[in-house]
Amino acid sequence: MSSVSSQPQFRYTQPPSKVLHLRNLPWECTEEELIELGKPFGTVVNTKCNVGANRNQAFIEFEDLNQAIQMISYYASSSEPAQVRGKTVYLQYSNRQEIVNNKTTADVVGNVLLVTVEGEDARMVSIDVLHLVFSAFGFVHKITTFEKTAGYQALVQFTDADTATSAKNALDGRSIPR
């Protein structure tokens, strides 16, 4: 079977899901644009924008599976492709059944802070220095350090979320002295 387009608008590799995966979106596509695209087919209950390596992919979740099926079916049979800002958008069912964790970890209040120490001298910041700096805000239960691709990191556990929040607000973006 030959295809008119070099890239098919649909991939049928996933079973139907109320979550649709959209590709080839314009740069910095907004949640409002995704909702507008899905609105004719039903109620969009959740979105996740600007994902993927090029940040040109997104997910939209409909209230009901039949609404997602209706959107996929419509664009599969239409001569007009799905478009956002004049750019053709490629649609497929997602392997997700719902969009979870739409919040970043920074939006969730807890009593543990993830601290990233940046710079060439990052490994020279000792646990003692971290303890000294963070204990100024309250009792520090634990500090765990590790290397990640983001750099030298530490988890700092406080007694409560309020103490962790005040430490974060005071130290976020600041340089920790040796």
# chains A, B, ... in the order shown; residues from 1 in each chain; ligands from 1

call {"tool": "closest_atom_pairs", "arguments": {"of": "segment 85-143 of chain A", "to": "segment 16-38 of chain A", "cutoff": "6 Å", "atoms": "only C-alpha atoms", "output": "Markdown table"}}
result
| residue | atom | partner | partner_atom | distance |
| --- | --- | --- | --- | --- |
| A:Val89 | CA | A:Asn24 | CA | 5.3 |
| A:Tyr90 | CA | A:Arg23 | CA | 5.0 |
| A:Leu91 | CA | A:Leu22 | CA | 4.8 |
| A:Gln92 | CA | A:His21 | CA | 5.3 |
| A:Tyr93 | CA | A:Leu20 | CA | 4.6 |
| A:Ser94 | CA | A:Leu20 | CA | 5.0 |
| A:Gln97 | CA | A:Ser17 | CA | 5.7 |
| A:Glu98 | CA | A:Val19 | CA | 6.0 |

call {"tool": "select_by_dssp", "arguments": {"residues": "chain A", "states": "strand (DSSP E or B)", "output": "PyMOL selection string"}}
result
chain A and resi 10-11+19-23+44-51+57-62+83-84+87-88+90-93+112-117+140-148+151-158

call {"tool": "residues_around", "arguments": {"residues": "Thr144 of chain A", "least_positions_apart": "3", "cutoff": "12 Å", "atoms": "only C-alpha atoms", "output": "PDB file with C-alpha atoms, in the first residue's frame"}}
result
ATOM      1  CA  VAL A 112      12.651  16.865  51.192  1.00  0.00           C
ATOM      2  CA  LEU A 113      14.593  19.226  48.938  1.00  0.00           C
ATOM      3  CA  LEU A 114      16.543  18.178  45.868  1.00  0.00           C
ATOM      4  CA  VAL A 115      19.646  20.356  45.816  1.00  0.00           C
ATOM      5  CA  THR A 116      21.836  20.622  42.718  1.00  0.00           C
ATOM      6  CA  SER A 126      30.900  18.541  51.654  1.00  0.00           C
ATOM      7  CA  ILE A 127      27.995  17.088  53.589  1.00  0.00           C
ATOM      8  CA  ASP A 128      29.199  19.164  56.557  1.00  0.00           C
ATOM      9  CA  LEU A 130      25.388  21.336  53.305  1.00  0.00           C
ATOM     10  CA  HIS A 131      24.368  20.525  56.880  1.00  0.00           C
ATOM     11  CA  VAL A 140      17.971  18.402  59.198  1.00  0.00           C
ATOM     12  CA  HIS A 141      17.080  14.705  59.502  1.00  0.00           C
ATOM     13  CA  GLU A 147      26.158  12.207  41.058  1.00  0.00           C
ATOM     14  CA  TYR A 152      26.358  16.831  42.071  1.00  0.00           C
ATOM     15  CA  GLN A 153      23.055  16.568  43.933  1.00  0.00           C
ATOM     16  CA  ALA A 154      21.797  16.094  47.462  1.00  0.00           C
ATOM     17  CA  LEU A 155      18.500  15.224  49.085  1.00  0.00           C
ATOM     18  CA  VAL A 156      18.002  17.226  52.271  1.00  0.00           C
ATOM     19  CA  GLN A 157      15.220  16.026  54.582  1.00  0.00           C
TER      20      GLN A 157
END

call {"tool": "residues_around", "arguments": {"residues": "Pro40 of chain A", "least_positions_apart": "5", "cutoff": "12 Å", "atoms": "only C-alpha atoms", "output": "ChimeraX atom specification"}}
result
/A:34-35,62,67-68,70-71,74-75,82

call {"tool": "write_last_selection", "arguments": {"atoms": "all heavy atoms", "output": "PDB file, in the first residue's frame"}}
result
ATOM      1  N   LEU A  34      -4.239  23.137  22.270  1.00  0.00           N
ATOM      2  CA  LEU A  34      -4.569  21.712  22.292  1.00  0.00           C
ATOM      3  C   LEU A  34      -6.047  21.502  22.609  1.00  0.00           C
ATOM      4  O   LEU A  34      -6.713  20.661  22.002  1.00  0.00           O
ATOM      5  CB  LEU A  34      -3.704  20.980  23.317  1.00  0.00           C
ATOM      6  CG  LEU A  34      -2.200  20.958  23.039  1.00  0.00           C
ATOM      7  CD1 LEU A  34      -1.465  20.292  24.196  1.00  0.00           C
ATOM      8  CD2 LEU A  34      -1.894  20.270  21.731  1.00  0.00           C
ATOM      9  N   ILE A  35      -6.559  22.273  23.559  1.00  0.00           N
ATOM     10  CA  ILE A  35      -7.976  22.163  23.930  1.00  0.00           C
ATOM     11  C   ILE A  35      -8.854  22.544  22.743  1.00  0.00           C
ATOM     12  O   ILE A  35      -9.857  21.876  22.456  1.00  0.00           O
ATOM     13  CB  ILE A  35      -8.275  23.019  25.177  1.00  0.00           C
ATOM     14  CG1 ILE A  35      -7.596  22.392  26.405  1.00  0.00           C
ATOM     15  CG2 ILE A  35      -9.783  23.151  25.403  1.00  0.00           C
ATOM     16  CD1 ILE A  35      -7.617  23.256  27.652  1.00  0.00           C
ATOM     17  N   PHE A  62      -9.069  12.923  26.724  1.00  0.00           N
ATOM     18  CA  PHE A  62     -10.504  13.193  26.659  1.00  0.00           C
ATOM     19  C   PHE A  62     -11.205  12.585  27.861  1.00  0.00           C
ATOM     20  O   PHE A  62     -10.701  11.666  28.507  1.00  0.00           O
ATOM     21  CB  PHE A  62     -11.100  12.607  25.364  1.00  0.00           C
ATOM     22  CG  PHE A  62     -10.804  13.430  24.146  1.00  0.00           C
ATOM     23  CD1 PHE A  62      -9.745  13.100  23.316  1.00  0.00           C
ATOM     24  CD2 PHE A  62     -11.571  14.532  23.830  1.00  0.00           C
ATOM     25  CE1 PHE A  62      -9.462  13.850  22.191  1.00  0.00           C
ATOM     26  CE2 PHE A  62     -11.302  15.299  22.703  1.00  0.00           C
ATOM     27  CZ  PHE A  62     -10.239  14.952  21.880  1.00  0.00           C
ATOM     28  N   GLN A  67     -14.713   9.790  22.570  1.00  0.00           N
ATOM     29  CA  GLN A  67     -14.354  11.113  22.058  1.00  0.00           C
ATOM     30  C   GLN A  67     -12.985  11.064  21.367  1.00  0.00           C
ATOM     31  O   GLN A  67     -12.792  11.655  20.303  1.00  0.00           O
ATOM     32  CB  GLN A  67     -14.351  12.142  23.195  1.00  0.00           C
ATOM     33  CG  GLN A  67     -15.730  12.340  23.805  1.00  0.00           C
ATOM     34  CD  GLN A  67     -15.698  13.113  25.113  1.00  0.00           C
ATOM     35  OE1 GLN A  67     -14.649  13.315  25.732  1.00  0.00           O
ATOM     36  NE2 GLN A  67     -16.876  13.558  25.545  1.00  0.00           N
ATOM     37  N   ALA A  68     -12.039  10.354  21.959  1.00  0.00           N
ATOM     38  CA  ALA A  68     -10.710  10.198  21.349  1.00  0.00           C
ATOM     39  C   ALA A  68     -10.818   9.413  20.046  1.00  0.00           C
ATOM     40  O   ALA A  68     -10.186   9.777  19.038  1.00  0.00           O
ATOM     41  CB  ALA A  68      -9.763   9.501  22.328  1.00  0.00           C
ATOM     42  N   GLN A  70     -13.388   9.274  18.127  1.00  0.00           N
ATOM     43  CA  GLN A  70     -14.049  10.158  17.160  1.00  0.00           C
ATOM     44  C   GLN A  70     -13.033  11.115  16.522  1.00  0.00           C
ATOM     45  O   GLN A  70     -13.054  11.337  15.315  1.00  0.00           O
ATOM     46  CB  GLN A  70     -15.159  10.937  17.852  1.00  0.00           C
ATOM     47  CG  GLN A  70     -15.985  11.787  16.922  1.00  0.00           C
ATOM     48  CD  GLN A  70     -17.094  12.543  17.657  1.00  0.00           C
ATOM     49  OE1 GLN A  70     -17.287  12.400  18.855  1.00  0.00           O
ATOM     50  NE2 GLN A  70     -17.807  13.361  16.910  1.00  0.00           N
ATOM     51  N   MET A  71     -12.109  11.674  17.312  1.00  0.00           N
ATOM     52  CA  MET A  71     -11.113  12.588  16.761  1.00  0.00           C
ATOM     53  C   MET A  71     -10.172  11.873  15.793  1.00  0.00           C
ATOM     54  O   MET A  71      -9.909  12.353  14.693  1.00  0.00           O
ATOM     55  CB  MET A  71     -10.315  13.260  17.875  1.00  0.00           C
ATOM     56  CG  MET A  71      -9.333  14.296  17.372  1.00  0.00           C
ATOM     57  SD  MET A  71      -8.586  15.194  18.753  1.00  0.00           S
ATOM     58  CE  MET A  71      -7.516  16.322  17.869  1.00  0.00           C
ATOM     59  N   TYR A  74     -12.124  10.944  12.611  1.00  0.00           N
ATOM     60  CA  TYR A  74     -12.420  12.112  11.785  1.00  0.00           C
ATOM     61  C   TYR A  74     -11.210  12.493  10.931  1.00  0.00           C
ATOM     62  O   TYR A  74     -11.317  12.646   9.717  1.00  0.00           O
ATOM     63  CB  TYR A  74     -12.843  13.299  12.645  1.00  0.00           C
ATOM     64  CG  TYR A  74     -13.024  14.563  11.831  1.00  0.00           C
ATOM     65  CD1 TYR A  74     -14.202  14.788  11.128  1.00  0.00           C
ATOM     66  CD2 TYR A  74     -12.003  15.505  11.746  1.00  0.00           C
ATOM     67  CE1 TYR A  74     -14.362  15.936  10.361  1.00  0.00           C
ATOM     68  CE2 TYR A  74     -12.148  16.648  10.977  1.00  0.00           C
ATOM     69  CZ  TYR A  74     -13.330  16.865  10.287  1.00  0.00           C
ATOM     70  OH  TYR A  74     -13.480  17.996   9.534  1.00  0.00           O
ATOM     71  N   TYR A  75     -10.049  12.639  11.567  1.00  0.00           N
ATOM     72  CA  TYR A  75      -8.873  13.070  10.819  1.00  0.00           C
ATOM     73  C   TYR A  75      -8.326  11.963   9.915  1.00  0.00           C
ATOM     74  O   TYR A  75      -7.685  12.252   8.904  1.00  0.00           O
ATOM     75  CB  TYR A  75      -7.800  13.622  11.747  1.00  0.00           C
ATOM     76  CG  TYR A  75      -8.165  15.012  12.229  1.00  0.00           C
ATOM     77  CD1 TYR A  75      -8.433  15.258  13.563  1.00  0.00           C
ATOM     78  CD2 TYR A  75      -8.263  16.070  11.339  1.00  0.00           C
ATOM     79  CE1 TYR A  75      -8.784  16.529  13.996  1.00  0.00           C
ATOM     80  CE2 TYR A  75      -8.621  17.344  11.757  1.00  0.00           C
ATOM     81  CZ  TYR A  75      -8.880  17.567  13.083  1.00  0.00           C
ATOM     82  OH  TYR A  75      -9.240  18.826  13.503  1.00  0.00           O
ATOM     83  N   ALA A  82      -5.236  17.504  10.676  1.00  0.00           N
ATOM     84  CA  ALA A  82      -5.284  18.267  11.917  1.00  0.00           C
ATOM     85  C   ALA A  82      -4.167  19.303  11.856  1.00  0.00           C
ATOM     86  O   ALA A  82      -3.041  18.982  11.438  1.00  0.00           O
ATOM     87  CB  ALA A  82      -5.088  17.342  13.114  1.00  0.00           C
TER      88      ALA A  82
END

call {"tool": "closest_residue", "arguments": {"among": "A:Phe158, A:Gly119, A:Arg174, A:Cys49", "to": "Ile99 of chain A", "atoms": "only C-alpha atoms"}}
result
A:Cys49

call {"tool": "select_by_dssp", "arguments": {"residues": "chain A", "states": "alpha helix (DSSP H)", "output": "PyMOL selection string"}}
result
chain A and resi 31-38+65-77+127-134+161-171

call {"tool": "write_last_selection", "arguments": {"atoms": "C-alpha atoms", "output": "PDB file, in the first residue's frame"}}
result
ATOM      1  CA  GLU A  31      -2.605  24.100  26.402  1.00  0.00           C
ATOM      2  CA  GLU A  32      -5.324  26.365  24.986  1.00  0.00           C
ATOM      3  CA  GLU A  33      -4.374  25.412  21.408  1.00  0.00           C
ATOM      4  CA  LEU A  34      -4.569  21.712  22.292  1.00  0.00           C
ATOM      5  CA  ILE A  35      -7.976  22.163  23.930  1.00  0.00           C
ATOM      6  CA  GLU A  36      -9.248  24.042  20.848  1.00  0.00           C
ATOM      7  CA  LEU A  37      -8.059  21.210  18.584  1.00  0.00           C
ATOM      8  CA  GLY A  38      -9.896  18.605  20.659  1.00  0.00           C
ATOM      9  CA  LEU A  65     -12.677   6.925  25.079  1.00  0.00           C
ATOM     10  CA  ASN A  66     -15.313   7.435  22.346  1.00  0.00           C
ATOM     11  CA  GLN A  67     -14.354  11.113  22.058  1.00  0.00           C
ATOM     12  CA  ALA A  68     -10.710  10.198  21.349  1.00  0.00           C
ATOM     13  CA  ILE A  69     -11.824   7.558  18.835  1.00  0.00           C
ATOM     14  CA  GLN A  70     -14.049  10.158  17.160  1.00  0.00           C
ATOM     15  CA  MET A  71     -11.113  12.588  16.761  1.00  0.00           C
ATOM     16  CA  ILE A  72      -8.788   9.931  15.337  1.00  0.00           C
ATOM     17  CA  SER A  73     -11.521   8.626  13.001  1.00  0.00           C
ATOM     18  CA  TYR A  74     -12.420  12.112  11.785  1.00  0.00           C
ATOM     19  CA  TYR A  75      -8.873  13.070  10.819  1.00  0.00           C
ATOM     20  CA  ALA A  76      -8.159   9.603   9.374  1.00  0.00           C
ATOM     21  CA  SER A  77     -11.014  10.028   6.900  1.00  0.00           C
ATOM     22  CA  ILE A 127      27.995  17.088  53.589  1.00  0.00           C
ATOM     23  CA  ASP A 128      29.199  19.164  56.557  1.00  0.00           C
ATOM     24  CA  VAL A 129      28.843  22.377  54.523  1.00  0.00           C
ATOM     25  CA  LEU A 130      25.388  21.336  53.305  1.00  0.00           C
ATOM     26  CA  HIS A 131      24.368  20.525  56.880  1.00  0.00           C
ATOM     27  CA  LEU A 132      25.665  23.864  58.156  1.00  0.00           C
ATOM     28  CA  VAL A 133      23.815  25.832  55.467  1.00  0.00           C
ATOM     29  CA  PHE A 134      20.489  23.981  55.678  1.00  0.00           C
ATOM     30  CA  ALA A 161       7.284  20.986  54.585  1.00  0.00           C
ATOM     31  CA  ASP A 162       7.238  24.544  55.960  1.00  0.00           C
ATOM     32  CA  THR A 163      10.905  24.346  56.952  1.00  0.00           C
ATOM     33  CA  ALA A 164      11.837  22.878  53.570  1.00  0.00           C
ATOM     34  CA  THR A 165       9.860  25.608  51.791  1.00  0.00           C
ATOM     35  CA  SER A 166      11.526  28.401  53.729  1.00  0.00           C
ATOM     36  CA  ALA A 167      14.991  26.930  52.990  1.00  0.00           C
ATOM     37  CA  LYS A 168      14.109  26.586  49.311  1.00  0.00           C
ATOM     38  CA  ASN A 169      12.798  30.142  49.077  1.00  0.00           C
ATOM     39  CA  ALA A 170      15.875  31.584  50.798  1.00  0.00           C
ATOM     40  CA  LEU A 171      18.528  29.531  48.971  1.00  0.00           C
TER      41      LEU A 171
END

call {"tool": "decode", "arguments": {"residues": "segment 106-134 of chain A", "atoms": "N, CA, C and O atoms", "output": "PDB file, in the first residue's frame"}}
result
ATOM      1  N   ALA A 106       8.644  20.448  41.499  1.00  0.00           N
ATOM      2  CA  ALA A 106       8.750  21.724  42.199  1.00  0.00           C
ATOM      3  C   ALA A 106       7.388  22.223  42.672  1.00  0.00           C
ATOM      4  O   ALA A 106       7.312  23.044  43.576  1.00  0.00           O
ATOM      5  N   ASP A 107       6.294  21.729  42.068  1.00  0.00           N
ATOM      6  CA  ASP A 107       4.957  22.165  42.454  1.00  0.00           C
ATOM      7  C   ASP A 107       4.418  21.395  43.656  1.00  0.00           C
ATOM      8  O   ASP A 107       3.422  21.782  44.244  1.00  0.00           O
ATOM      9  N   VAL A 108       5.034  20.289  44.004  1.00  0.00           N
ATOM     10  CA  VAL A 108       4.554  19.451  45.089  1.00  0.00           C
ATOM     11  C   VAL A 108       5.313  19.820  46.356  1.00  0.00           C
ATOM     12  O   VAL A 108       6.529  19.801  46.401  1.00  0.00           O
ATOM     13  N   VAL A 109       4.566  20.181  47.391  1.00  0.00           N
ATOM     14  CA  VAL A 109       5.194  20.582  48.651  1.00  0.00           C
ATOM     15  C   VAL A 109       5.500  19.338  49.471  1.00  0.00           C
ATOM     16  O   VAL A 109       4.660  18.481  49.656  1.00  0.00           O
ATOM     17  N   GLY A 110       6.752  19.243  49.956  1.00  0.00           N
ATOM     18  CA  GLY A 110       7.170  18.129  50.790  1.00  0.00           C
ATOM     19  C   GLY A 110       8.279  18.579  51.715  1.00  0.00           C
ATOM     20  O   GLY A 110       8.705  19.737  51.697  1.00  0.00           O
ATOM     21  N   ASN A 111       8.761  17.657  52.524  1.00  0.00           N
ATOM     22  CA  ASN A 111       9.800  18.019  53.481  1.00  0.00           C
ATOM     23  C   ASN A 111      11.207  17.649  53.004  1.00  0.00           C
ATOM     24  O   ASN A 111      12.163  17.769  53.758  1.00  0.00           O
ATOM     25  N   VAL A 112      11.345  17.218  51.742  1.00  0.00           N
ATOM     26  CA  VAL A 112      12.651  16.865  51.192  1.00  0.00           C
ATOM     27  C   VAL A 112      12.960  17.785  50.014  1.00  0.00           C
ATOM     28  O   VAL A 112      12.135  17.961  49.118  1.00  0.00           O
ATOM     29  N   LEU A 113      14.149  18.373  50.040  1.00  0.00           N
ATOM     30  CA  LEU A 113      14.593  19.226  48.938  1.00  0.00           C
ATOM     31  C   LEU A 113      15.613  18.483  48.090  1.00  0.00           C
ATOM     32  O   LEU A 113      16.477  17.795  48.624  1.00  0.00           O
ATOM     33  N   LEU A 114      15.513  18.651  46.779  1.00  0.00           N
ATOM     34  CA  LEU A 114      16.543  18.178  45.868  1.00  0.00           C
ATOM     35  C   LEU A 114      17.435  19.372  45.585  1.00  0.00           C
ATOM     36  O   LEU A 114      16.992  20.378  45.034  1.00  0.00           O
ATOM     37  N   VAL A 115      18.684  19.267  45.966  1.00  0.00           N
ATOM     38  CA  VAL A 115      19.646  20.356  45.816  1.00  0.00           C
ATOM     39  C   VAL A 115      20.638  19.962  44.731  1.00  0.00           C
ATOM     40  O   VAL A 115      21.210  18.873  44.774  1.00  0.00           O
ATOM     41  N   THR A 116      20.836  20.842  43.746  1.00  0.00           N
ATOM     42  CA  THR A 116      21.836  20.622  42.718  1.00  0.00           C
ATOM     43  C   THR A 116      22.951  21.634  42.911  1.00  0.00           C
ATOM     44  O   THR A 116      22.697  22.834  42.940  1.00  0.00           O
ATOM     45  N   VAL A 117      24.159  21.128  43.061  1.00  0.00           N
ATOM     46  CA  VAL A 117      25.323  21.988  43.235  1.00  0.00           C
ATOM     47  C   VAL A 117      26.039  22.016  41.889  1.00  0.00           C
ATOM     48  O   VAL A 117      26.510  20.989  41.410  1.00  0.00           O
ATOM     49  N   GLU A 118      26.105  23.203  41.285  1.00  0.00           N
ATOM     50  CA  GLU A 118      26.669  23.340  39.948  1.00  0.00           C
ATOM     51  C   GLU A 118      28.064  23.941  40.000  1.00  0.00           C
ATOM     52  O   GLU A 118      28.443  24.569  40.980  1.00  0.00           O
ATOM     53  N   GLY A 119      28.788  23.759  38.932  1.00  0.00           N
ATOM     54  CA  GLY A 119      30.102  24.369  38.818  1.00  0.00           C
ATOM     55  C   GLY A 119      31.211  23.339  38.918  1.00  0.00           C
ATOM     56  O   GLY A 119      30.996  22.179  39.273  1.00  0.00           O
ATOM     57  N   GLU A 120      32.432  23.783  38.599  1.00  0.00           N
ATOM     58  CA  GLU A 120      33.584  22.886  38.602  1.00  0.00           C
ATOM     59  C   GLU A 120      33.941  22.388  39.999  1.00  0.00           C
ATOM     60  O   GLU A 120      34.454  21.294  40.168  1.00  0.00           O
ATOM     61  N   ASP A 121      33.693  23.193  41.021  1.00  0.00           N
ATOM     62  CA  ASP A 121      34.049  22.832  42.393  1.00  0.00           C
ATOM     63  C   ASP A 121      32.882  22.187  43.148  1.00  0.00           C
ATOM     64  O   ASP A 121      32.903  22.116  44.373  1.00  0.00           O
ATOM     65  N   ALA A 122      31.886  21.704  42.427  1.00  0.00           N
ATOM     66  CA  ALA A 122      30.681  21.180  43.059  1.00  0.00           C
ATOM     67  C   ALA A 122      30.986  20.047  44.038  1.00  0.00           C
ATOM     68  O   ALA A 122      30.419  19.997  45.131  1.00  0.00           O
ATOM     69  N   ARG A 123      31.887  19.136  43.672  1.00  0.00           N
ATOM     70  CA  ARG A 123      32.179  17.995  44.544  1.00  0.00           C
ATOM     71  C   ARG A 123      32.943  18.402  45.794  1.00  0.00           C
ATOM     72  O   ARG A 123      33.084  17.619  46.712  1.00  0.00           O
ATOM     73  N   MET A 124      33.432  19.629  45.816  1.00  0.00           N
ATOM     74  CA  MET A 124      34.171  20.099  46.988  1.00  0.00           C
ATOM     75  C   MET A 124      33.228  20.578  48.097  1.00  0.00           C
ATOM     76  O   MET A 124      33.663  20.857  49.207  1.00  0.00           O
ATOM     77  N   VAL A 125      31.925  20.684  47.774  1.00  0.00           N
ATOM     78  CA  VAL A 125      30.942  21.037  48.791  1.00  0.00           C
ATOM     79  C   VAL A 125      30.647  19.767  49.578  1.00  0.00           C
ATOM     80  O   VAL A 125      30.076  18.815  49.056  1.00  0.00           O
ATOM     81  N   SER A 126      31.035  19.754  50.842  1.00  0.00           N
ATOM     82  CA  SER A 126      30.900  18.541  51.654  1.00  0.00           C
ATOM     83  C   SER A 126      29.513  18.446  52.299  1.00  0.00           C
ATOM     84  O   SER A 126      28.752  19.426  52.322  1.00  0.00           O
ATOM     85  N   ILE A 127      29.241  17.279  52.844  1.00  0.00           N
ATOM     86  CA  ILE A 127      27.995  17.088  53.589  1.00  0.00           C
ATOM     87  C   ILE A 127      27.970  18.025  54.798  1.00  0.00           C
ATOM     88  O   ILE A 127      26.929  18.572  55.151  1.00  0.00           O
ATOM     89  N   ASP A 128      29.131  18.246  55.409  1.00  0.00           N
ATOM     90  CA  ASP A 128      29.199  19.164  56.557  1.00  0.00           C
ATOM     91  C   ASP A 128      28.773  20.574  56.164  1.00  0.00           C
ATOM     92  O   ASP A 128      28.047  21.235  56.905  1.00  0.00           O
ATOM     93  N   VAL A 129      29.221  21.040  54.988  1.00  0.00           N
ATOM     94  CA  VAL A 129      28.843  22.377  54.523  1.00  0.00           C
ATOM     95  C   VAL A 129      27.346  22.425  54.239  1.00  0.00           C
ATOM     96  O   VAL A 129      26.653  23.371  54.628  1.00  0.00           O
ATOM     97  N   LEU A 130      26.827  21.390  53.568  1.00  0.00           N
ATOM     98  CA  LEU A 130      25.388  21.336  53.305  1.00  0.00           C
ATOM     99  C   LEU A 130      24.598  21.348  54.612  1.00  0.00           C
ATOM    100  O   LEU A 130      23.604  22.067  54.741  1.00  0.00           O
ATOM    101  N   HIS A 131      25.055  20.572  55.586  1.00  0.00           N
ATOM    102  CA  HIS A 131      24.368  20.525  56.880  1.00  0.00           C
ATOM    103  C   HIS A 131      24.392  21.892  57.556  1.00  0.00           C
ATOM    104  O   HIS A 131      23.373  22.356  58.078  1.00  0.00           O
ATOM    105  N   LEU A 132      25.535  22.544  57.538  1.00  0.00           N
ATOM    106  CA  LEU A 132      25.665  23.864  58.156  1.00  0.00           C
ATOM    107  C   LEU A 132      24.711  24.869  57.511  1.00  0.00           C
ATOM    108  O   LEU A 132      23.993  25.598  58.209  1.00  0.00           O
ATOM    109  N   VAL A 133      24.667  24.879  56.189  1.00  0.00           N
ATOM    110  CA  VAL A 133      23.815  25.832  55.467  1.00  0.00           C
ATOM    111  C   VAL A 133      22.334  25.553  55.718  1.00  0.00           C
ATOM    112  O   VAL A 133      21.563  26.449  56.051  1.00  0.00           O
ATOM    113  N   PHE A 134      21.913  24.295  55.585  1.00  0.00           N
ATOM    114  CA  PHE A 134      20.489  23.981  55.678  1.00  0.00           C
ATOM    115  C   PHE A 134      19.975  23.916  57.115  1.00  0.00           C
ATOM    116  O   PHE A 134      18.801  24.164  57.365  1.00  0.00           O
TER     117      PHE A 134
END
